[in-house]
>>> print(open('structure04.pdb').read())   # PDB, C-alpha atoms
ATOM      1  CA  MET A   1      41.019 125.362 139.051  1.00  0.00           C
ATOM      2  CA  THR A   2      38.870 125.503 135.909  1.00  0.00           C
ATOM      3  CA  SER A   3      40.139 126.284 132.475  1.00  0.00           C
ATOM      4  CA  GLN A   4      38.575 129.279 130.822  1.00  0.00           C
ATOM      5  CA  THR A   5      37.824 129.352 127.085  1.00  0.00           C
ATOM      6  CA  ASN A   6      37.113 132.252 124.817  1.00  0.00           C
ATOM      7  CA  GLU A   7      34.408 130.298 123.011  1.00  0.00           C
ATOM      8  CA  ASN A   8      31.836 132.564 121.425  1.00  0.00           C
ATOM      9  CA  ALA A   9      28.276 131.223 121.852  1.00  0.00           C
ATOM     10  CA  LEU A  10      26.986 133.116 118.802  1.00  0.00           C
ATOM     11  CA  LEU A  11      29.645 131.589 116.581  1.00  0.00           C
ATOM     12  CA  LYS A  12      29.067 128.105 117.952  1.00  0.00           C
ATOM     13  CA  THR A  13      25.318 128.439 117.428  1.00  0.00           C
ATOM     14  CA  GLY A  14      25.929 129.816 113.934  1.00  0.00           C
ATOM     15  CA  CYS A  15      28.180 126.894 113.002  1.00  0.00           C
ATOM     16  CA  ILE A  16      25.721 124.322 114.286  1.00  0.00           C
ATOM     17  CA  LEU A  17      22.773 126.051 112.577  1.00  0.00           C
ATOM     18  CA  LEU A  18      24.737 126.319 109.349  1.00  0.00           C
ATOM     19  CA  MET A  19      25.506 122.614 109.277  1.00  0.00           C
ATOM     20  CA  ALA A  20      22.214 121.237 110.631  1.00  0.00           C
ATOM     21  CA  ALA A  21      19.791 123.507 108.785  1.00  0.00           C
ATOM     22  CA  GLY A  22      21.965 123.387 105.666  1.00  0.00           C
ATOM     23  CA  ALA A  23      21.933 119.587 105.728  1.00  0.00           C
ATOM     24  CA  VAL A  24      18.135 119.469 106.113  1.00  0.00           C
ATOM     25  CA  CYS A  25      17.566 122.061 103.391  1.00  0.00           C
ATOM     26  CA  GLN A  26      19.971 120.554 100.876  1.00  0.00           C
ATOM     27  CA  ALA A  27      18.819 116.968 101.534  1.00  0.00           C
ATOM     28  CA  ILE A  28      15.235 118.032 100.837  1.00  0.00           C
ATOM     29  CA  GLY A  29      16.461 119.862  97.735  1.00  0.00           C
ATOM     30  CA  VAL A  30      18.178 116.726  96.421  1.00  0.00           C
ATOM     31  CA  TRP A  31      15.122 114.607  97.189  1.00  0.00           C
ATOM     32  CA  ASN A  32      12.746 117.060  95.479  1.00  0.00           C
ATOM     33  CA  SER A  33      14.978 117.435  92.436  1.00  0.00           C
ATOM     34  CA  LEU A  34      15.354 113.725  91.904  1.00  0.00           C
ATOM     35  CA  SER A  35      11.627 113.206  92.542  1.00  0.00           C
ATOM     36  CA  VAL A  36      10.825 115.502  89.638  1.00  0.00           C
ATOM     37  CA  GLY A  37      13.023 113.393  87.392  1.00  0.00           C
ATOM     38  CA  ARG A  38      11.356 110.185  88.570  1.00  0.00           C
ATOM     39  CA  GLN A  39       7.869 111.611  88.133  1.00  0.00           C
ATOM     40  CA  THR A  40       8.497 112.429  84.495  1.00  0.00           C
ATOM     41  CA  GLN A  41       9.259 108.760  83.872  1.00  0.00           C
ATOM     42  CA  ASN A  42       5.880 107.739  85.298  1.00  0.00           C
ATOM     43  CA  MET A  43       3.818 110.272  83.344  1.00  0.00           C
ATOM     44  CA  GLU A  44       0.318 109.131  82.380  1.00  0.00           C
ATOM     45  CA  SER A  45      -0.325 108.776  78.668  1.00  0.00           C
ATOM     46  CA  GLU A  46      -2.913 111.586  78.588  1.00  0.00           C
ATOM     47  CA  MET A  47      -0.494 114.003  80.242  1.00  0.00           C
ATOM     48  CA  TYR A  48       2.286 112.863  77.898  1.00  0.00           C
ATOM     49  CA  ASP A  49       0.037 113.467  74.897  1.00  0.00           C
ATOM     50  CA  ASN A  50      -0.870 116.951  76.148  1.00  0.00           C
ATOM     51  CA  LEU A  51       2.809 117.785  76.734  1.00  0.00           C
ATOM     52  CA  ASN A  52       3.746 116.411  73.325  1.00  0.00           C
ATOM     53  CA  GLN A  53       1.054 118.491  71.641  1.00  0.00           C
ATOM     54  CA  ALA A  54       2.112 121.664  73.493  1.00  0.00           C
ATOM     55  CA  MET A  55       5.798 121.104  72.651  1.00  0.00           C
ATOM     56  CA  GLN A  56       5.003 120.449  68.992  1.00  0.00           C
ATOM     57  CA  GLN A  57       2.955 123.617  68.892  1.00  0.00           C
ATOM     58  CA  GLN A  58       5.596 125.760  70.639  1.00  0.00           C
ATOM     59  CA  THR A  59       8.518 124.473  68.594  1.00  0.00           C
ATOM     60  CA  GLY A  60       6.788 124.316  65.218  1.00  0.00           C
ATOM     61  CA  GLY A  61       6.999 120.540  65.185  1.00  0.00           C
ATOM     62  CA  GLN A  62      10.734 120.464  65.923  1.00  0.00           C
ATOM     63  CA  ALA A  63      10.514 118.901  69.393  1.00  0.00           C
ATOM     64  CA  GLY A  64       8.092 116.813  71.356  1.00  0.00           C
ATOM     65  CA  ALA A  65       7.483 115.616  74.890  1.00  0.00           C
ATOM     66  CA  ASP A  66      10.626 113.462  74.887  1.00  0.00           C
ATOM     67  CA  VAL A  67      12.836 116.539  74.526  1.00  0.00           C
ATOM     68  CA  ALA A  68      11.016 118.367  77.335  1.00  0.00           C
ATOM     69  CA  ILE A  69      11.223 115.321  79.610  1.00  0.00           C
ATOM     70  CA  GLN A  70      14.940 114.847  78.930  1.00  0.00           C
ATOM     71  CA  ALA A  71      15.603 118.532  79.595  1.00  0.00           C
ATOM     72  CA  LEU A  72      13.632 118.396  82.842  1.00  0.00           C
ATOM     73  CA  GLN A  73      15.418 115.241  83.972  1.00  0.00           C
ATOM     74  CA  GLY A  74      18.808 116.791  83.162  1.00  0.00           C
ATOM     75  CA  LEU A  75      17.895 119.954  85.028  1.00  0.00           C
ATOM     76  CA  SER A  76      16.741 117.948  88.044  1.00  0.00           C
ATOM     77  CA  VAL A  77      20.095 116.135  88.189  1.00  0.00           C
ATOM     78  CA  LEU A  78      21.934 119.452  87.853  1.00  0.00           C
ATOM     79  CA  VAL A  79      19.949 120.957  90.738  1.00  0.00           C
ATOM     80  CA  ALA A  80      20.604 117.864  92.876  1.00  0.00           C
ATOM     81  CA  VAL A  81      24.354 118.124  92.200  1.00  0.00           C
ATOM     82  CA  LEU A  82      24.276 121.834  93.056  1.00  0.00           C
ATOM     83  CA  CYS A  83      22.536 121.022  96.358  1.00  0.00           C
ATOM     84  CA  VAL A  84      25.268 118.489  97.192  1.00  0.00           C
ATOM     85  CA  VAL A  85      27.991 121.050  96.399  1.00  0.00           C
ATOM     86  CA  VAL A  86      26.304 123.678  98.593  1.00  0.00           C
ATOM     87  CA  LEU A  87      25.942 121.113 101.379  1.00  0.00           C
ATOM     88  CA  ALA A  88      29.651 120.273 101.166  1.00  0.00           C
ATOM     89  CA  VAL A  89      30.558 123.969 101.422  1.00  0.00           C
ATOM     90  CA  LEU A  90      28.232 124.467 104.409  1.00  0.00           C
ATOM     91  CA  LEU A  91      29.637 121.447 106.241  1.00  0.00           C
ATOM     92  CA  VAL A  92      33.243 122.461 105.602  1.00  0.00           C
ATOM     93  CA  VAL A  93      32.636 126.069 106.698  1.00  0.00           C
ATOM     94  CA  GLY A  94      30.715 124.903 109.779  1.00  0.00           C
ATOM     95  CA  LEU A  95      33.413 122.420 110.827  1.00  0.00           C
ATOM     96  CA  MET A  96      36.220 124.898 110.168  1.00  0.00           C
ATOM     97  CA  GLY A  97      34.273 127.465 112.165  1.00  0.00           C
ATOM     98  CA  LEU A  98      33.887 125.140 115.146  1.00  0.00           C
ATOM     99  CA  LYS A  99      37.674 124.812 115.236  1.00  0.00           C
ATOM    100  CA  ARG A 100      38.086 128.603 115.236  1.00  0.00           C
ATOM    101  CA  ILE A 101      35.466 129.777 117.733  1.00  0.00           C
ATOM    102  CA  ASP A 102      37.902 129.962 120.631  1.00  0.00           C
ATOM    103  CA  LYS A 103      40.463 132.003 118.674  1.00  0.00           C
ATOM    104  CA  PRO A 104      39.517 135.699 118.533  1.00  0.00           C
ATOM    105  CA  GLU A 105      42.263 136.357 115.979  1.00  0.00           C
ATOM    106  CA  LYS A 106      40.286 134.219 113.478  1.00  0.00           C
ATOM    107  CA  TYR A 107      37.366 136.686 113.424  1.00  0.00           C
ATOM    108  CA  ARG A 108      37.968 137.440 109.715  1.00  0.00           C
ATOM    109  CA  PHE A 109      36.998 133.872 108.792  1.00  0.00           C
ATOM    110  CA  PHE A 110      33.556 134.352 110.342  1.00  0.00           C
ATOM    111  CA  LEU A 111      33.147 137.897 109.056  1.00  0.00           C
ATOM    112  CA  ILE A 112      33.974 136.977 105.450  1.00  0.00           C
ATOM    113  CA  TRP A 113      31.931 133.766 105.423  1.00  0.00           C
ATOM    114  CA  GLY A 114      29.066 135.526 107.194  1.00  0.00           C
ATOM    115  CA  ILE A 115      28.917 138.177 104.484  1.00  0.00           C
ATOM    116  CA  VAL A 116      29.331 135.686 101.608  1.00  0.00           C
ATOM    117  CA  LEU A 117      26.694 133.328 102.992  1.00  0.00           C
ATOM    118  CA  LEU A 118      24.302 136.166 103.773  1.00  0.00           C
ATOM    119  CA  VAL A 119      24.560 137.569 100.243  1.00  0.00           C
ATOM    120  CA  PHE A 120      24.196 134.280  98.378  1.00  0.00           C
ATOM    121  CA  GLY A 121      21.945 132.603 100.931  1.00  0.00           C
ATOM    122  CA  GLY A 122      19.785 135.686 101.271  1.00  0.00           C
ATOM    123  CA  ILE A 123      19.260 135.840  97.518  1.00  0.00           C
ATOM    124  CA  GLY A 124      18.376 132.150  97.539  1.00  0.00           C
ATOM    125  CA  ALA A 125      16.024 132.601 100.490  1.00  0.00           C
ATOM    126  CA  MET A 126      14.227 135.436  98.677  1.00  0.00           C
ATOM    127  CA  LEU A 127      13.897 133.314  95.537  1.00  0.00           C
ATOM    128  CA  VAL A 128      12.513 130.350  97.462  1.00  0.00           C
ATOM    129  CA  ALA A 129      10.348 132.544  99.742  1.00  0.00           C
ATOM    130  CA  ASP A 130       8.522 129.500 101.129  1.00  0.00           C
ATOM    131  CA  PHE A 131       8.904 129.964 104.856  1.00  0.00           C
ATOM    132  CA  ALA A 132       5.899 127.795 105.734  1.00  0.00           C
ATOM    133  CA  SER A 133       7.688 124.540 104.896  1.00  0.00           C
ATOM    134  CA  ILE A 134      10.468 122.666 106.665  1.00  0.00           C
ATOM    135  CA  ARG A 135      12.796 123.407 103.753  1.00  0.00           C
ATOM    136  CA  GLY A 136      11.879 127.086 103.818  1.00  0.00           C
ATOM    137  CA  ILE A 137      12.536 127.378 107.537  1.00  0.00           C
ATOM    138  CA  ALA A 138      15.816 125.441 107.231  1.00  0.00           C
ATOM    139  CA  ASN A 139      16.796 127.672 104.300  1.00  0.00           C
ATOM    140  CA  LEU A 140      16.104 130.792 106.343  1.00  0.00           C
ATOM    141  CA  LEU A 141      18.175 129.432 109.251  1.00  0.00           C
ATOM    142  CA  TRP A 142      21.303 128.555 107.250  1.00  0.00           C
ATOM    143  CA  ALA A 143      21.027 131.371 104.707  1.00  0.00           C
ATOM    144  CA  VAL A 144      20.146 134.314 106.941  1.00  0.00           C
ATOM    145  CA  VAL A 145      20.258 133.540 110.669  1.00  0.00           C
ATOM    146  CA  ALA A 146      23.581 131.635 110.754  1.00  0.00           C
ATOM    147  CA  PRO A 147      25.430 134.269 108.659  1.00  0.00           C
ATOM    148  CA  ILE A 148      24.108 137.061 110.876  1.00  0.00           C
ATOM    149  CA  LEU A 149      25.355 135.125 113.922  1.00  0.00           C
ATOM    150  CA  PHE A 150      28.724 134.765 112.147  1.00  0.00           C
ATOM    151  CA  ILE A 151      28.941 138.510 111.494  1.00  0.00           C
ATOM    152  CA  VAL A 152      27.886 139.571 115.006  1.00  0.00           C
ATOM    153  CA  GLY A 153      30.113 136.909 116.581  1.00  0.00           C
ATOM    154  CA  ALA A 154      33.045 138.010 114.418  1.00  0.00           C
ATOM    155  CA  LEU A 155      32.631 141.588 115.565  1.00  0.00           C
ATOM    156  CA  GLN A 156      32.605 140.348 119.170  1.00  0.00           C
ATOM    157  CA  GLN A 157      35.786 138.369 118.472  1.00  0.00           C
ATOM    158  CA  LYS A 158      37.421 141.424 116.940  1.00  0.00           C
ATOM    159  CA  LYS A 159      36.462 143.487 119.955  1.00  0.00           C
ATOM    160  CA  ALA A 160      37.945 140.784 122.265  1.00  0.00           C
ATOM    161  CA  LEU A 161      41.327 141.286 120.605  1.00  0.00           C
TER
END
>>> encode(input="structure04.pdb", output="structure tokens")
Amino acid sequence: MTSQTNENALLKTGCILLMAAGAVCQAIGVWNSLSVGRQTQNMESEMYDNLNQAMQQQTGGQAGADVAIQALQGLSVLVAVLCVVVLAVLLVVGLMGLKRIDKPEKYRFFLIWGIVLLVFGGIGAMLVADFASIRGIANLLWAVVAPILFIVGALQQKKAL
């Protein structure tokens, strides 16, 4: 006698895609963000002079290259932290989802998270719009494909009730 589960393949695939593609995308985002900060520290003197001149010109002599570099480094850290926060959310939602895929009464979890992730992830995917890179493909998978699987799977779960 075999035990039968109500596991939904779309939801399972969505959870795995959400976590795996989200991890790849956010890890690349952290790496890229921190790389920008590191690159500003290793700027060649000619480039630094050009940046300093442009900043002096744009700010009427109030700020130079050091201010621009500090702002860019701060922004790169902020983006890296945001990527880590998004990754944490994706991992938590994916793990919580894996625990709920065999419970049709939990369809609302997938429906709500599917819509939320599709809205925010879809906006992010449109802003990035680089689908020829590994990060772009991973972004499309976690931000669009996984949420659609969540929504369709949730509707299947609701119907199973």
>>> resolve_selection(input="structure04.pdb", expression="the PyMOL selection byres ((chain A and resi 121) around 9)", output="list of chain:residue names")
A:Val116, A:Leu117, A:Leu118, A:Val119, A:Phe120, A:Gly122, A:Ile123, A:Gly124, A:Ala125, A:Met126, A:Asn139, A:Leu140, A:Trp142, A:Ala143, A:Val144, A:Pro147
>>> resolve_selection(input="structure04.pdb", expression="the PyMOL selection byres ((chain A and resi 35) around 12)", output="list in words")
Ile28, Gly29, Val30, Trp31, Asn32, Ser33, Leu34, Val36, Gly37, Arg38, Gln39, Thr40, Gln41, Asn42, Leu72, Gln73, Leu75, Ser76, Val77, Val79 and Ala80 of chain A
>>> resolve_selection(input="structure04.pdb", expression="the PyMOL selection byres ((chain A and resi 10) around 8)", output="PDB file with C-alpha atoms, in the frame of the given file")
ATOM      1  CA  ASN A   8      31.836 132.564 121.425  1.00  0.00           C
ATOM      2  CA  ALA A   9      28.276 131.223 121.852  1.00  0.00           C
ATOM      3  CA  LEU A  11      29.645 131.589 116.581  1.00  0.00           C
ATOM      4  CA  LYS A  12      29.067 128.105 117.952  1.00  0.00           C
ATOM      5  CA  THR A  13      25.318 128.439 117.428  1.00  0.00           C
ATOM      6  CA  GLY A  14      25.929 129.816 113.934  1.00  0.00           C
ATOM      7  CA  LEU A 149      25.355 135.125 113.922  1.00  0.00           C
ATOM      8  CA  PHE A 150      28.724 134.765 112.147  1.00  0.00           C
ATOM      9  CA  VAL A 152      27.886 139.571 115.006  1.00  0.00           C
ATOM     10  CA  GLY A 153      30.113 136.909 116.581  1.00  0.00           C
TER      11      GLY A 153
END
>>> closest_residue(input="structure04.pdb", among="A:Leu111, A:Met55, A:Met43, A:Val24", to="A:Ala68", atoms="all atoms listed in the file")
A:Met55
>>> atom_distance(input="structure04.pdb", atom1="atom CA of A:Leu161", atom2="atom CA of A:Leu95")
22.7 Å
>>> residues_around(input="structure04.pdb", residues="A:Gly136", least_positions_apart="6", cutoff="9 Å", atoms="all atoms listed in the file", output="count of residues only")
5
>>> atom_distance(input="structure04.pdb", atom1="atom CA of A:Ile115", atom2="atom CA of A:Ile151")
7.0 Å
>>> build_atoms(input="structure04.pdb", residues="stretch 109-120 of chain A", atoms="all heavy atoms", output="compact mmCIF listing (two decimals), in the coordinates of the input")
# COMPACT_ATOMS: atom_id res chain seq x y z
N PHE A 109 37.63 135.05 109.39
CA PHE A 109 37.00 133.87 108.79
C PHE A 109 35.49 133.98 108.90
O PHE A 109 34.76 133.80 107.93
CB PHE A 109 37.50 132.59 109.50
CG PHE A 109 36.76 131.34 109.11
CD1 PHE A 109 37.14 130.62 107.99
CD2 PHE A 109 35.68 130.89 109.86
CE1 PHE A 109 36.45 129.47 107.62
CE2 PHE A 109 35.00 129.75 109.51
CZ PHE A 109 35.38 129.03 108.38
N PHE A 110 34.99 134.27 110.11
CA PHE A 110 33.56 134.35 110.34
C PHE A 110 32.94 135.57 109.67
O PHE A 110 31.83 135.49 109.14
CB PHE A 110 33.27 134.38 111.85
CG PHE A 110 33.65 133.11 112.53
CD1 PHE A 110 34.82 133.02 113.27
CD2 PHE A 110 32.85 131.99 112.41
CE1 PHE A 110 35.17 131.85 113.90
CE2 PHE A 110 33.20 130.80 113.04
CZ PHE A 110 34.37 130.73 113.78
N LEU A 111 33.66 136.68 109.68
CA LEU A 111 33.15 137.90 109.06
C LEU A 111 32.99 137.70 107.55
O LEU A 111 31.94 137.99 106.98
CB LEU A 111 34.08 139.07 109.36
CG LEU A 111 33.60 140.44 108.93
CD1 LEU A 111 32.29 140.79 109.62
CD2 LEU A 111 34.66 141.49 109.25
N ILE A 112 34.02 137.18 106.90
CA ILE A 112 33.97 136.98 105.45
C ILE A 112 32.91 135.95 105.08
O ILE A 112 32.08 136.19 104.19
CB ILE A 112 35.36 136.57 104.91
CG1 ILE A 112 36.32 137.77 105.03
CG2 ILE A 112 35.28 136.07 103.48
CD1 ILE A 112 37.77 137.43 104.81
N TRP A 113 32.92 134.79 105.75
CA TRP A 113 31.93 133.77 105.42
C TRP A 113 30.53 134.23 105.79
O TRP A 113 29.56 133.90 105.08
CB TRP A 113 32.26 132.43 106.09
CG TRP A 113 33.23 131.65 105.26
CD1 TRP A 113 34.54 131.41 105.53
CD2 TRP A 113 32.96 131.02 104.01
NE1 TRP A 113 35.10 130.68 104.52
CE2 TRP A 113 34.14 130.42 103.57
CE3 TRP A 113 31.83 130.91 103.20
CZ2 TRP A 113 34.23 129.71 102.37
CZ3 TRP A 113 31.91 130.22 102.01
CH2 TRP A 113 33.10 129.63 101.60
N GLY A 114 30.38 135.00 106.84
CA GLY A 114 29.07 135.53 107.19
C GLY A 114 28.51 136.40 106.09
O GLY A 114 27.35 136.28 105.70
N ILE A 115 29.36 137.28 105.56
CA ILE A 115 28.92 138.18 104.48
C ILE A 115 28.62 137.38 103.21
O ILE A 115 27.57 137.58 102.58
CB ILE A 115 29.98 139.27 104.23
CG1 ILE A 115 30.04 140.21 105.44
CG2 ILE A 115 29.67 140.04 102.96
CD1 ILE A 115 31.24 141.15 105.44
N VAL A 116 29.53 136.49 102.83
CA VAL A 116 29.33 135.69 101.61
C VAL A 116 28.05 134.86 101.71
O VAL A 116 27.23 134.84 100.78
CB VAL A 116 30.56 134.78 101.34
CG1 VAL A 116 30.27 133.75 100.27
CG2 VAL A 116 31.77 135.62 100.97
N LEU A 117 27.88 134.16 102.83
CA LEU A 117 26.69 133.33 102.99
C LEU A 117 25.42 134.16 103.05
O LEU A 117 24.38 133.74 102.52
CB LEU A 117 26.82 132.46 104.24
CG LEU A 117 27.87 131.36 104.18
CD1 LEU A 117 28.06 130.71 105.54
CD2 LEU A 117 27.51 130.32 103.13
N LEU A 118 25.49 135.31 103.68
CA LEU A 118 24.30 136.17 103.77
C LEU A 118 23.90 136.68 102.39
O LEU A 118 22.72 136.70 102.05
CB LEU A 118 24.55 137.33 104.73
CG LEU A 118 23.34 138.21 105.04
CD1 LEU A 118 22.21 137.39 105.65
CD2 LEU A 118 23.74 139.33 105.99
N VAL A 119 24.87 137.07 101.59
CA VAL A 119 24.56 137.57 100.24
C VAL A 119 23.95 136.45 99.39
O VAL A 119 22.84 136.58 98.87
CB VAL A 119 25.81 138.17 99.56
CG1 VAL A 119 25.56 138.43 98.08
CG2 VAL A 119 26.23 139.46 100.26
N PHE A 120 24.68 135.35 99.24
CA PHE A 120 24.20 134.28 98.38
C PHE A 120 22.99 133.56 98.99
O PHE A 120 22.02 133.25 98.30
CB PHE A 120 25.32 133.29 98.05
CG PHE A 120 26.32 133.85 97.11
CD1 PHE A 120 27.59 134.19 97.54
CD2 PHE A 120 26.00 134.07 95.78
CE1 PHE A 120 28.52 134.73 96.68
CE2 PHE A 120 26.92 134.61 94.90
CZ PHE A 120 28.18 134.95 95.35
